[in-house]
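Below is protein-v3.cif, which holds mmCIF, C-alpha atoms and all ligand atoms.
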data_structure
#
loop_
_atom_site.label_atom_id
_atom_site.label_comp_id
_atom_site.auth_asym_id
_atom_site.auth_seq_id
_atom_site.Cartn_x
_atom_site.Cartn_y
_atom_site.Cartn_z
CA MET A 1 81.95 87.57 105.90
CA ALA A 2 84.68 88.01 108.48
CA ALA A 3 83.10 87.01 111.79
CA ASP A 4 84.71 89.78 113.76
CA LEU A 5 83.39 93.30 113.61
CA VAL A 6 85.84 96.20 113.70
CA ILE A 7 84.88 99.62 115.05
CA ALA A 8 87.27 102.36 113.90
CA PRO A 9 86.58 105.77 115.44
CA SER A 10 87.38 108.61 113.06
CA ILE A 11 89.44 111.24 114.84
CA LEU A 12 87.97 113.83 112.48
CA SER A 13 85.25 114.35 115.09
CA SER A 14 87.63 114.56 118.04
CA ASP A 15 88.98 117.66 119.76
CA PHE A 16 92.08 118.41 117.64
CA SER A 17 93.57 120.56 120.40
CA ARG A 18 93.94 117.31 122.42
CA LEU A 19 94.44 114.84 119.59
CA GLY A 20 96.76 112.43 121.41
CA GLU A 21 94.48 112.30 124.45
CA GLU A 22 91.42 111.81 122.26
CA ILE A 23 93.06 108.83 120.53
CA ALA A 24 94.12 107.32 123.85
CA ALA A 25 90.58 107.81 125.17
CA VAL A 26 88.88 105.85 122.36
CA ASP A 27 91.60 103.20 122.63
CA ARG A 28 90.82 102.69 126.34
CA ALA A 29 87.09 102.86 125.58
CA GLY A 30 87.31 99.84 123.27
CA ALA A 31 88.16 101.03 119.77
CA ASP A 32 89.49 98.28 117.53
CA TRP A 33 91.29 100.58 115.08
CA ILE A 34 92.01 104.32 114.87
CA HIS A 35 90.81 105.92 111.60
CA LEU A 36 92.85 108.87 110.34
CA ASP A 37 91.19 111.11 107.74
CA VAL A 38 93.79 112.85 105.61
CA MET A 39 92.37 115.61 103.39
CA ASP A 40 94.16 117.88 100.96
CA GLY A 41 91.73 120.65 99.98
CA HIS A 42 92.01 119.41 96.38
CA PHE A 43 90.50 115.94 96.10
CA VAL A 44 88.07 116.93 98.86
CA PRO A 45 86.95 120.40 99.99
CA ASN A 46 88.62 120.25 103.40
CA ILE A 47 92.15 120.08 104.82
CA THR A 48 93.17 118.08 107.88
CA PHE A 49 96.69 116.83 108.62
CA GLY A 50 99.66 114.93 107.20
CA PRO A 51 102.47 112.58 108.19
CA PRO A 52 104.03 114.78 110.94
CA VAL A 53 100.77 114.78 112.89
CA VAL A 54 100.36 111.01 112.44
CA ALA A 55 103.92 110.52 113.73
CA ALA A 56 103.23 112.80 116.70
CA VAL A 57 100.14 110.87 117.81
CA ARG A 58 101.47 107.39 117.05
CA ALA A 59 102.53 106.94 120.68
CA ALA A 60 98.98 107.56 121.90
CA SER A 61 97.79 104.07 120.93
CA LYS A 62 99.17 100.71 119.86
CA LYS A 63 96.04 99.93 117.87
CA PHE A 64 95.91 99.64 114.08
CA PHE A 65 96.34 103.09 112.48
CA ASP A 66 93.98 103.09 109.49
CA ALA A 67 94.85 106.02 107.19
CA HIS A 68 92.15 107.13 104.77
CA LEU A 69 93.96 109.26 102.20
CA MET A 70 91.62 111.73 100.52
CA ILE A 71 94.50 113.27 98.60
CA GLU A 72 95.37 113.54 94.91
CA PRO A 73 97.95 112.42 94.06
CA ALA A 74 98.64 109.94 96.85
CA ASP A 75 101.73 108.17 95.51
CA PRO A 76 104.30 110.84 96.52
CA TYR A 77 103.19 110.61 100.15
CA LEU A 78 102.77 106.85 100.72
CA GLU A 79 106.26 106.34 102.13
CA ALA A 80 105.90 109.27 104.52
CA PHE A 81 102.61 107.92 105.88
CA ALA A 82 104.14 104.45 106.30
CA LYS A 83 107.17 105.91 108.12
CA ALA A 84 104.85 108.00 110.31
CA GLY A 85 103.39 104.77 111.67
CA CYS A 86 100.31 103.95 109.61
CA ASP A 87 99.46 100.24 109.65
CA GLY A 88 97.02 100.45 106.77
CA ILE A 89 96.84 102.97 103.95
CA THR A 90 93.71 103.40 101.83
CA VAL A 91 93.74 105.36 98.59
CA HIS A 92 90.77 106.45 96.53
CA ALA A 93 90.25 104.82 93.14
CA GLU A 94 89.10 108.23 91.86
CA ALA A 95 92.31 109.96 92.94
CA THR A 96 94.82 107.37 91.82
CA ARG A 97 95.77 107.15 88.14
CA HIS A 98 97.67 103.86 88.36
CA LEU A 99 95.72 102.14 91.10
CA ASP A 100 97.38 98.74 90.74
CA ARG A 101 100.82 100.32 91.11
CA SER A 102 99.81 102.40 94.13
CA LEU A 103 98.40 99.37 95.93
CA GLN A 104 101.57 97.39 95.24
CA ALA A 105 103.58 100.29 96.63
CA ILE A 106 101.59 100.31 99.86
CA ARG A 107 102.21 96.61 100.43
CA ALA A 108 105.88 97.02 99.55
CA LEU A 109 106.09 99.56 102.37
CA GLY A 110 104.87 96.87 104.77
CA CYS A 111 101.35 98.28 105.19
CA LYS A 112 97.93 96.78 104.57
CA ALA A 113 96.54 98.17 101.32
CA GLY A 114 93.06 99.61 100.98
CA VAL A 115 91.05 101.01 98.10
CA ALA A 116 88.13 103.42 98.57
CA ILE A 117 85.26 104.30 96.26
CA ASN A 118 82.95 107.30 96.54
CA PRO A 119 79.16 106.95 96.65
CA ALA A 120 78.82 107.68 92.91
CA THR A 121 81.63 105.33 91.84
CA PRO A 122 80.56 101.87 90.63
CA GLU A 123 82.14 98.84 92.26
CA THR A 124 83.58 97.84 88.89
CA ALA A 125 86.32 100.42 89.59
CA ILE A 126 87.96 97.90 91.93
CA GLN A 127 87.27 94.59 90.23
CA TYR A 128 90.78 94.15 88.82
CA VAL A 129 92.67 95.08 91.99
CA LEU A 130 91.03 92.74 94.48
CA ASP A 131 94.13 90.55 94.66
CA ARG A 132 96.16 93.64 95.61
CA VAL A 133 94.07 94.78 98.59
CA ASP A 134 93.46 93.93 102.22
CA LEU A 135 90.50 96.30 102.56
CA VAL A 136 87.80 97.82 100.37
CA LEU A 137 86.23 101.03 101.67
CA VAL A 138 82.76 101.87 100.37
CA MET A 139 82.14 105.53 101.18
CA THR A 140 78.61 106.06 102.40
CA VAL A 141 78.87 109.88 102.34
CA ASN A 142 80.71 112.13 99.95
CA PRO A 143 84.17 112.46 101.49
CA GLY A 144 85.33 115.67 103.11
CA PHE A 145 83.36 116.14 106.31
CA GLY A 146 82.13 114.31 109.36
CA GLY A 147 78.54 114.37 110.56
CA GLN A 148 76.83 113.85 107.20
CA SER A 149 73.80 111.66 106.56
CA PHE A 150 74.25 108.08 105.39
CA ILE A 151 73.52 107.71 101.65
CA ARG A 152 71.13 104.76 101.42
CA SER A 153 71.78 103.98 97.76
CA THR A 154 75.19 102.62 98.83
CA LEU A 155 73.59 99.63 100.58
CA ASP A 156 73.12 97.71 97.33
CA LYS A 157 76.70 98.45 96.38
CA ILE A 158 77.98 97.11 99.70
CA GLY A 159 76.19 93.85 98.91
CA ARG A 160 77.70 93.70 95.44
CA VAL A 161 81.21 94.37 96.80
CA ARG A 162 80.70 91.60 99.37
CA ALA A 163 79.85 89.21 96.54
CA MET A 164 82.90 90.37 94.54
CA ILE A 165 85.20 89.78 97.51
CA GLY A 166 84.00 86.19 97.83
CA ASP A 167 86.29 84.21 100.10
CA ARG A 168 89.28 86.53 99.79
CA PRO A 169 90.67 87.76 103.15
CA ILE A 170 89.60 91.36 102.50
CA ARG A 171 87.83 93.58 105.02
CA LEU A 172 84.78 95.48 103.77
CA GLN A 173 84.77 98.88 105.43
CA VAL A 174 82.10 101.57 105.36
CA ASP A 175 82.66 105.21 106.27
CA GLY A 176 80.11 107.98 106.67
CA GLY A 177 76.91 108.28 108.65
CA VAL A 178 77.52 105.07 110.60
CA ALA A 179 75.36 105.28 113.74
CA PRO A 180 73.15 102.98 115.83
CA ASP A 181 70.21 103.65 113.49
CA THR A 182 72.14 102.72 110.32
CA ILE A 183 74.66 100.06 111.33
CA GLY A 184 72.17 97.16 111.38
CA GLU A 185 71.34 97.55 107.69
CA ILE A 186 75.02 98.01 106.85
CA VAL A 187 75.95 94.77 108.63
CA ALA A 188 73.10 93.01 106.81
CA ALA A 189 74.44 94.33 103.50
CA GLY A 190 77.79 92.65 104.21
CA ALA A 191 80.20 95.13 105.80
CA ASP A 192 82.47 94.07 108.67
CA THR A 193 84.53 97.19 109.42
CA PHE A 194 82.89 100.43 110.53
CA VAL A 195 84.28 103.93 110.66
CA ALA A 196 82.32 106.23 112.93
CA GLY A 197 83.29 109.77 113.83
CA SER A 198 80.41 111.81 115.20
CA ALA A 199 78.61 108.72 116.56
CA VAL A 200 81.65 107.79 118.69
CA TYR A 201 83.02 111.19 119.71
CA LYS A 202 79.72 112.73 120.75
CA GLY A 203 79.63 113.39 124.47
CA GLY A 204 83.24 114.48 124.64
CA ASN A 205 84.61 112.08 127.28
CA GLU A 206 85.84 108.51 127.61
CA ALA A 207 82.70 107.18 129.30
CA ALA A 208 80.58 108.57 126.47
CA TYR A 209 82.92 107.06 123.86
CA ARG A 210 82.60 103.64 125.53
CA ALA A 211 78.80 103.93 125.67
CA ASN A 212 78.68 105.10 122.04
CA MET A 213 80.77 102.16 120.80
CA ASP A 214 78.73 99.73 122.93
CA ALA A 215 75.58 101.14 121.31
CA LEU A 216 77.06 100.59 117.85
CA ARG A 217 78.00 96.98 118.65
CA LYS A 218 74.58 96.31 120.16
CA ALA A 219 72.79 97.78 117.14
CA ALA A 220 75.05 95.68 114.92
CA GLY A 221 73.93 92.58 116.84
CA ARG A 222 77.42 91.88 118.20
CA SER A 223 77.19 92.41 121.95
O1 LIG B 1 86.16 109.96 105.72
C1 LIG B 1 85.43 110.67 106.37
C2 LIG B 1 84.84 111.91 105.79
O2 LIG B 1 85.30 112.06 104.50
C3 LIG B 1 85.15 110.34 107.82
O3 LIG B 1 85.84 109.16 108.17
C4 LIG B 1 83.65 110.18 108.09
O4 LIG B 1 82.92 111.23 107.61
C5 LIG B 1 83.34 109.94 109.55
O5 LIG B 1 82.41 110.84 110.05
P1 LIG B 1 80.92 110.46 110.48
O6 LIG B 1 80.97 109.11 111.13
O7 LIG B 1 80.57 111.56 111.41
O8 LIG B 1 80.08 110.45 109.22
FE FE B 2 87.34 108.37 106.58
#
Spell out the structure here as structure tokens.
Amino acid sequence: MAADLVIAPSILSSDFSRLGEEIAAVDRAGADWIHLDVMDGHFVPNITFGPPVVAAVRAASKKFFDAHLMIEPADPYLEAFAKAGCDGITVHAEATRHLDRSLQAIRALGCKAGVAINPATPETAIQYVLDRVDLVLVMTVNPGFGGQSFIRSTLDKIGRVRAMIGDRPIRLQVDGGVAPDTIGEIVAAGADTFVAGSAVYKGGNEAAYRANMDALRKAAGRS
């Protein structure tokens, strides 16, 4: 496993009326990456934002912009997200007809390529694209909303994905229900990159965000 642990606050749980400030606040409070949840009201039952908003908030932080595209199709929008300033782009295996091609396209745009799988999707969905990706995202809630409960049946799958990754330089990310009471088991299962929305943004100010991320790192055994 990668020795370093990455905490990526999901701005889905931030105050959207102050999005730039909310990103800058988690940056100062110790976020490793910024996780951007893009939803289309089609692949998932919610709508968030697109490339113009990403471009508008890009100046708020120099940290890695980790775009989680919950959109179908994704291919027509990859270039726009790259130009908006995303450092990594993750597409869902379930929403991408020609997954190998999409992942090649992301890398050709100069971004890190990620592939996500939903809780009900078996890990075999990604077995033939592992040489095309820099990140595998195992969803631990059904995508679409923040603040949902962690789905425990995903723990075994995280372990199987870790074994599939082997010694490849691929990050294993989890997203959904990551909190101090779940992160220990998720680390033990083999994940190294943690998206947390409600568990980071609760409290509503920078001091709370710092304390929340410290609590996650402590519960993960990394502080
Ligand atoms: O992709 C997502 C939802 O589809 C979000 O990243 C995720 O839900 C984060 O929220 P929380 O940490 O509150 O579960
Ligand atoms: Fe996400």
Within 6 Å of ligand FE 2 (chain B) (all atoms listed in the file), residues as a PyMOL selection string: chain A and resi 37+68+175
Which of A:His98, A:Arg28, A:Gly144, A:Asp87 sits closest to Pro45 of chain A [using only C-alpha atoms]: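 Between A:His98, A:Arg28, A:Gly144, A:Asp87, the residue approaching Pro45 of chain A most closely is A:Gly144.
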At most 7 Å is the cut-off: for each residue in chain A with any atom that close to an atom of ligand LIG 1 (chain B), write down the nearest atom pair and the distance in Å rounded to one decimal, counting all atoms listed in the file, chain first then increasing number, as JSON lines.
{"residue": "A:Ser10", "atom": "CA", "partner": "B:LIG1", "partner_atom": "O3", "distance": 5.2}
{"residue": "A:Leu12", "atom": "CA", "partner": "B:LIG1", "partner_atom": "C3", "distance": 6.5}
{"residue": "A:Ser13", "atom": "CA", "partner": "B:LIG1", "partner_atom": "O7", "distance": 6.6}
{"residue": "A:His35", "atom": "CA", "partner": "B:LIG1", "partner_atom": "O3", "distance": 6.9}
{"residue": "A:Asp37", "atom": "CA", "partner": "B:LIG1", "partner_atom": "O1", "distance": 5.5}
{"residue": "A:His68", "atom": "CA", "partner": "B:LIG1", "partner_atom": "O1", "distance": 6.7}
{"residue": "A:Val141", "atom": "CA", "partner": "B:LIG1", "partner_atom": "O4", "distance": 6.8}
{"residue": "A:Asn142", "atom": "CA", "partner": "B:LIG1", "partner_atom": "O2", "distance": 6.5}
{"residue": "A:Pro143", "atom": "CA", "partner": "B:LIG1", "partner_atom": "O2", "distance": 3.2}
{"residue": "A:Gly144", "atom": "CA", "partner": "B:LIG1", "partner_atom": "O2", "distance": 3.9}
{"residue": "A:Phe145", "atom": "CA", "partner": "B:LIG1", "partner_atom": "C2", "distance": 4.5}
{"residue": "A:Gly146", "atom": "CA", "partner": "B:LIG1", "partner_atom": "O5", "distance": 3.5}
{"residue": "A:Gly147", "atom": "CA", "partner": "B:LIG1", "partner_atom": "O7", "distance": 3.6}
{"residue": "A:Gln148", "atom": "CA", "partner": "B:LIG1", "partner_atom": "O8", "distance": 5.1}
{"residue": "A:Ser149", "atom": "CA", "partner": "B:LIG1", "partner_atom": "O8", "distance": 6.9}
{"residue": "A:Asp175", "atom": "CA", "partner": "B:LIG1", "partner_atom": "C4", "distance": 5.4}
{"residue": "A:Gly176", "atom": "CA", "partner": "B:LIG1", "partner_atom": "O8", "distance": 3.6}
{"residue": "A:Gly177", "atom": "CA", "partner": "B:LIG1", "partner_atom": "O8", "distance": 3.9}
{"residue": "A:Val178", "atom": "CA", "partner": "B:LIG1", "partner_atom": "O6", "distance": 5.3}
{"residue": "A:Val195", "atom": "CA", "partner": "B:LIG1", "partner_atom": "O3", "distance": 6.0}
{"residue": "A:Ala196", "atom": "CA", "partner": "B:LIG1", "partner_atom": "O6", "distance": 3.7}
{"residue": "A:Gly197", "atom": "CA", "partner": "B:LIG1", "partner_atom": "O6", "distance": 3.6}
{"residue": "A:Ser198", "atom": "CA", "partner": "B:LIG1", "partner_atom": "O7", "distance": 3.8}
{"residue": "A:Ala199", "atom": "CA", "partner": "B:LIG1", "partner_atom": "O6", "distance": 5.9}
Store the residues picked out above, limited to C-alpha atoms, as a PDB file, in the coordinates of the input.
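Just written: result22.pdb:
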ATOM      1  CA  SER A  10      87.380 108.610 113.060  1.00  0.00           C
ATOM      2  CA  LEU A  12      87.970 113.830 112.480  1.00  0.00           C
ATOM      3  CA  SER A  13      85.250 114.350 115.090  1.00  0.00           C
ATOM      4  CA  HIS A  35      90.810 105.920 111.600  1.00  0.00           C
ATOM      5  CA  ASP A  37      91.190 111.110 107.740  1.00  0.00           C
ATOM      6  CA  HIS A  68      92.150 107.130 104.770  1.00  0.00           C
ATOM      7  CA  VAL A 141      78.870 109.880 102.340  1.00  0.00           C
ATOM      8  CA  ASN A 142      80.710 112.130  99.950  1.00  0.00           C
ATOM      9  CA  PRO A 143      84.170 112.460 101.490  1.00  0.00           C
ATOM     10  CA  GLY A 144      85.330 115.670 103.110  1.00  0.00           C
ATOM     11  CA  PHE A 145      83.360 116.140 106.310  1.00  0.00           C
ATOM     12  CA  GLY A 146      82.130 114.310 109.360  1.00  0.00           C
ATOM     13  CA  GLY A 147      78.540 114.370 110.560  1.00  0.00           C
ATOM     14  CA  GLN A 148      76.830 113.850 107.200  1.00  0.00           C
ATOM     15  CA  SER A 149      73.800 111.660 106.560  1.00  0.00           C
ATOM     16  CA  ASP A 175      82.660 105.210 106.270  1.00  0.00           C
ATOM     17  CA  GLY A 176      80.110 107.980 106.670  1.00  0.00           C
ATOM     18  CA  GLY A 177      76.910 108.280 108.650  1.00  0.00           C
ATOM     19  CA  VAL A 178      77.520 105.070 110.600  1.00  0.00           C
ATOM     20  CA  VAL A 195      84.280 103.930 110.660  1.00  0.00           C
ATOM     21  CA  ALA A 196      82.320 106.230 112.930  1.00  0.00           C
ATOM     22  CA  GLY A 197      83.290 109.770 113.830  1.00  0.00           C
ATOM     23  CA  SER A 198      80.410 111.810 115.200  1.00  0.00           C
ATOM     24  CA  ALA A 199      78.610 108.720 116.560  1.00  0.00           C
TER      25      ALA A 199
END
Box dimensions and centre (Å, one decimal) enclosing segment 29-47 of chain A, axis-aligned, 4 Å extra per side, as JSON:
{"center_x": 90.6, "center_y": 109.5, "center_z": 110.8, "size_x": 15.2, "size_y": 30.4, "size_z": 37.5}
Protein/DNA/RNA residues near (90.0, 100.2, 114.5), cut 10 Å, all atoms listed in the file, as a ChimeraX atom specification: /A:5-10,26-27,30-35,63-66,193-196
Atom CA of Arg101 of chain A to atom CA of Ile170 of chain A, straight-line distance in Å: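 Atom CA of Arg101 of chain A lies at a distance of 18.3 Å from atom CA of Ile170 of chain A.
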Neighbouring residues of Pro52 of chain A were defined as those with any atom within 9 Å, considering only C-alpha atoms; residues of the same chain fewer than 4 positions away were excluded. Please report them as a CSV table (one decimal) with C-alpha atoms, in the coordinates of the input.
chain,number,residue,atom,x,y,z
A,56,ALA,CA,103.2,112.8,116.7
A,57,VAL,CA,100.1,110.9,117.8
A,80,ALA,CA,105.9,109.3,104.5
A,81,PHE,CA,102.6,107.9,105.9
A,84,ALA,CA,104.8,108.0,110.3
Nearest to Gly114 of chain A by atom-to-atom distance, counting all atoms listed in the file, from A:Arg162, A:Gln173, A:Thr154, A:Lys83: A:Gln173
8 Å contact set for Met213 of chain A, all atoms listed in the file, chain neighbours under 2 positions out, as a ChimeraX atom specification: /A:7,29-31,200,209-211,215-217
Nearest candidate to Lys157 of chain A (options A:Glu21, A:Glu79, A:Glu123, A:Asp134; using all atoms listed in the file):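 Nearest candidate to Lys157 of chain A out of A:Glu21, A:Glu79, A:Glu123, A:Asp134: A:Glu123.
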Ile165 of chain A surroundings by only C-alpha atoms, 12 Å radius, close-in-sequence under 3 positions cut, as JSON, numbers by chain: {"A": [1, 2, 123, 124, 126, 127, 128, 129, 130, 131, 132, 133, 134, 135, 136, 158, 159, 160, 161, 162, 168, 169, 170, 171, 172, 190, 191]}
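What separates atom CA of Leu36 of chain A from atom CA of Ser61 of chain A is a distance of 12.6 Å.
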Contact residues around Gly204 of chain A with only C-alpha atoms at 9 Å, ignoring same-chain residues under 6 positions, as a VMD selection string: chain A and resid 14 to 15 22
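Atom CA of Val38 of chain A sits 12.3 Å away from atom CA of Pro73 of chain A.
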Selected residue of minimal separation from Ala125 of chain A among A:Ile151, A:Ala113, A:Ala93, A:Ala60, counting all atoms listed in the file: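 Residue with the minimum atom-to-atom distance to Ala125 of chain A: A:Ala93.
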Residue among A:Val91, A:Ala82, A:Asp75, A:Pro122 lying closest to Gly110 of chain A, counting all atoms listed in the file: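 So, comparing all the options, the nearest one is A:Ala82.
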Contacts of Met70 of chain A at 10 Å (all atoms listed in the file; same-chain gap of 5+ positions) as a VMD selection string: chain A and resid 37 to 48 90 to 92 94 to 95 116 143 to 144
Pick from A:Ala179, A:Ala207, A:Ile106, A:Cys111 nearest to Thr140 of chain A, counting all atoms listed in the file: A:Ala179
